[in-house]
Amino acid sequence: MIKKTLALAALSAALVSGAAQAASRDYISIVGSSTVYPFATVVAEQFGRKTKFKTPKIESTGSGGGMKLFCAGVGIETPDITNASRRMKKSEQEKCDKNGVKEVTEVKIGYDGIVVANSKQAPRMHLTRRDLFLGLARKVPGPDGKLIDNPYTNWKDVDAKLPNEPIEVLGPPPTSGTRDAFEELAMGAGAKTFPDLAKLRKSKDAAEIKALMKKLGVPESAFNKKGKKVFKAVAYAIREDGAYIEAGENDNLIVQKLEANPHALGIFGFSFLDQNADKIQGSFVDGEAPTFDNIAEGKYPVSRPLFFYVKKAHVGKVPGMPEYLKEFTSEDAWGDEGYLSEKGLIPMPEAEREKYRNDARNLVQMPRL
């Protein structure tokens, strides 16, 4: 009888403990992209005012850092949502699967441009994606076409039409989705202006790939790699000799540093340019200015979609998640005249908004990558 009583008491304590743990977080936990952070914060504030639920807590960890936390597992010690300024990678989806995060909903929220900005105290820059590659890549083609360590220290060395200013660029770290997108859309596009690199990226012929790598001076140890992989290794590798300065995940800090140093350039999302237009200006890239209309119309070449990802297992356990998703995907928020467009988010076309609104509200599982 005593043993039975003790067993019941232990079971009761365990149930109470489990119930307490399940209810120990009464707010939505969000991590991820510094670019999406201001948009998510505005939505969270509106949600907190309009509903009975607590305002979500949001951390700016960078897209990569957010994915790592999000995919660590299921349970209140892990985030419910992660923001991302690029799509989830296949390796991240596999990590989620491995750790039991098997039902994830992907929600695209709109579009953003990646700007290369400087202080209004300096002349506005007119750059090409080729200029950006030559200015920031770790290795660039030399006079004989072979890859060499980047020799350029001044923008005028890159192109005689550019200012006689040192190459000094403040930008995001490798964990940032903005960095990923900049490497692909700016650096990669610039690298493709060199015929041998462009051929290497497209080639699937082993003999041609080997010949191109020899011509470029790529080490023999890389000969067993695919051409596209070698291209990325060259095109996406940013120099580490001081010309590019990793400024962390705080884009506001980059804005402040640009104010203090008119000779420097900074890389961040369009919304930070939009909110600080009295202090900084966006460079033209391939002849196009980073404006709301140019990004919306697809004219500005360095632009990308923004996302957030939802952990379905937490819906119904963490209070307010369906209501938060409803607020974010409402026309009042992400519509053409929504409050997020006033913060610099470029709205999706109506049909695309409807598609992702349905995905969010029905927690549709994202496809395999």
# chains A, B, ... in the order shown; residues from 1 in each chain; ligands from 1
>>> residues_around(residues="Ile245 (chain A)", least_positions_apart="5", cutoff="8 Å", atoms="only C-alpha atoms", output="list in words")
Glu168, Val169, Leu170 and Gly171 of chain A
>>> write_last_selection(atoms="N, CA and C atoms", output="PDB file, in the first residue's frame")
ATOM      1  N   GLU A 168      37.289  49.894 -48.515  1.00  0.00           N
ATOM      2  CA  GLU A 168      36.967  49.646 -47.105  1.00  0.00           C
ATOM      3  C   GLU A 168      35.469  49.416 -47.011  1.00  0.00           C
ATOM      4  N   VAL A 169      35.088  48.168 -46.808  1.00  0.00           N
ATOM      5  CA  VAL A 169      33.677  47.780 -46.851  1.00  0.00           C
ATOM      6  C   VAL A 169      33.290  47.084 -45.557  1.00  0.00           C
ATOM      7  N   LEU A 170      32.248  47.599 -44.917  1.00  0.00           N
ATOM      8  CA  LEU A 170      31.704  46.998 -43.703  1.00  0.00           C
ATOM      9  C   LEU A 170      30.534  46.109 -44.099  1.00  0.00           C
ATOM     10  N   GLY A 171      30.580  44.848 -43.685  1.00  0.00           N
ATOM     11  CA  GLY A 171      29.523  43.941 -44.110  1.00  0.00           C
ATOM     12  C   GLY A 171      29.242  42.845 -43.109  1.00  0.00           C
TER      13      GLY A 171
END
>>> select_by_dssp(residues="region 89-260 of chain A", states="helix (DSSP H, G or I)", output="PyMOL selection string")
chain A and resi 90-98+129-136+155-158+177-191+195-202+206-216+220-222+227-235+251-260
>>> closest_residue(among="A:Leu363, A:Pro141, A:Lys311, A:Ala84", to="Ile109 (chain A)", atoms="only C-alpha atoms")
A:Ala84
>>> residues_around(residues="Asp332 (chain A)", least_positions_apart="6", cutoff="12 Å", atoms="only C-alpha atoms", output="ChimeraX atom specification")
/A:42-43,46-47,326,338-342,347
>>> residues_around(residues="Cys96 (chain A)", least_positions_apart="4", cutoff="12 Å", atoms="only C-alpha atoms", output="PDB file with C-alpha atoms, in the first residue's frame")
ATOM      1  CA  MET A  67      18.514  28.021 -38.408  1.00  0.00           C
ATOM      2  CA  LYS A  68      20.976  26.351 -36.044  1.00  0.00           C
ATOM      3  CA  LEU A  69      18.819  27.212 -33.019  1.00  0.00           C
ATOM      4  CA  PHE A  70      15.523  26.416 -34.790  1.00  0.00           C
ATOM      5  CA  CYS A  71      16.686  23.012 -36.019  1.00  0.00           C
ATOM      6  CA  ALA A  72      18.182  21.970 -32.669  1.00  0.00           C
ATOM      7  CA  GLY A  73      14.993  20.160 -31.691  1.00  0.00           C
ATOM      8  CA  VAL A  74      11.382  20.407 -30.514  1.00  0.00           C
ATOM      9  CA  THR A  78      14.003  25.940 -28.757  1.00  0.00           C
ATOM     10  CA  MET A  88      16.533  27.334 -45.864  1.00  0.00           C
ATOM     11  CA  LYS A  89      19.406  25.187 -47.136  1.00  0.00           C
ATOM     12  CA  LYS A  90      19.085  21.471 -47.839  1.00  0.00           C
ATOM     13  CA  SER A  91      21.668  20.764 -45.117  1.00  0.00           C
ATOM     14  CA  GLU A  92      19.578  22.754 -42.619  1.00  0.00           C
ATOM     15  CA  GLY A 100      12.962  15.722 -34.816  1.00  0.00           C
ATOM     16  CA  VAL A 101      11.836  19.018 -36.367  1.00  0.00           C
ATOM     17  CA  LYS A 102       9.994  17.247 -39.155  1.00  0.00           C
ATOM     18  CA  GLU A 103       7.044  19.562 -39.830  1.00  0.00           C
ATOM     19  CA  VAL A 104       8.148  23.022 -40.906  1.00  0.00           C
ATOM     20  CA  TYR A 309       9.914  29.279 -40.870  1.00  0.00           C
ATOM     21  CA  VAL A 310       7.387  27.893 -38.386  1.00  0.00           C
ATOM     22  CA  LYS A 311       7.777  24.831 -36.146  1.00  0.00           C
ATOM     23  CA  ARG A 368      11.908  18.724 -49.791  1.00  0.00           C
TER      24      ARG A 368
END
>>> residues_around(residues="Asn150 (chain A)", least_positions_apart="4", cutoff="10 Å", atoms="only C-alpha atoms", output="list of chain:residue names")
A:Leu134, A:Gly135, A:Leu136, A:Ala137, A:Arg138, A:Lys139, A:Val140, A:Pro141, A:Gly142, A:Ile238, A:Arg239, A:Glu240, A:Asp241
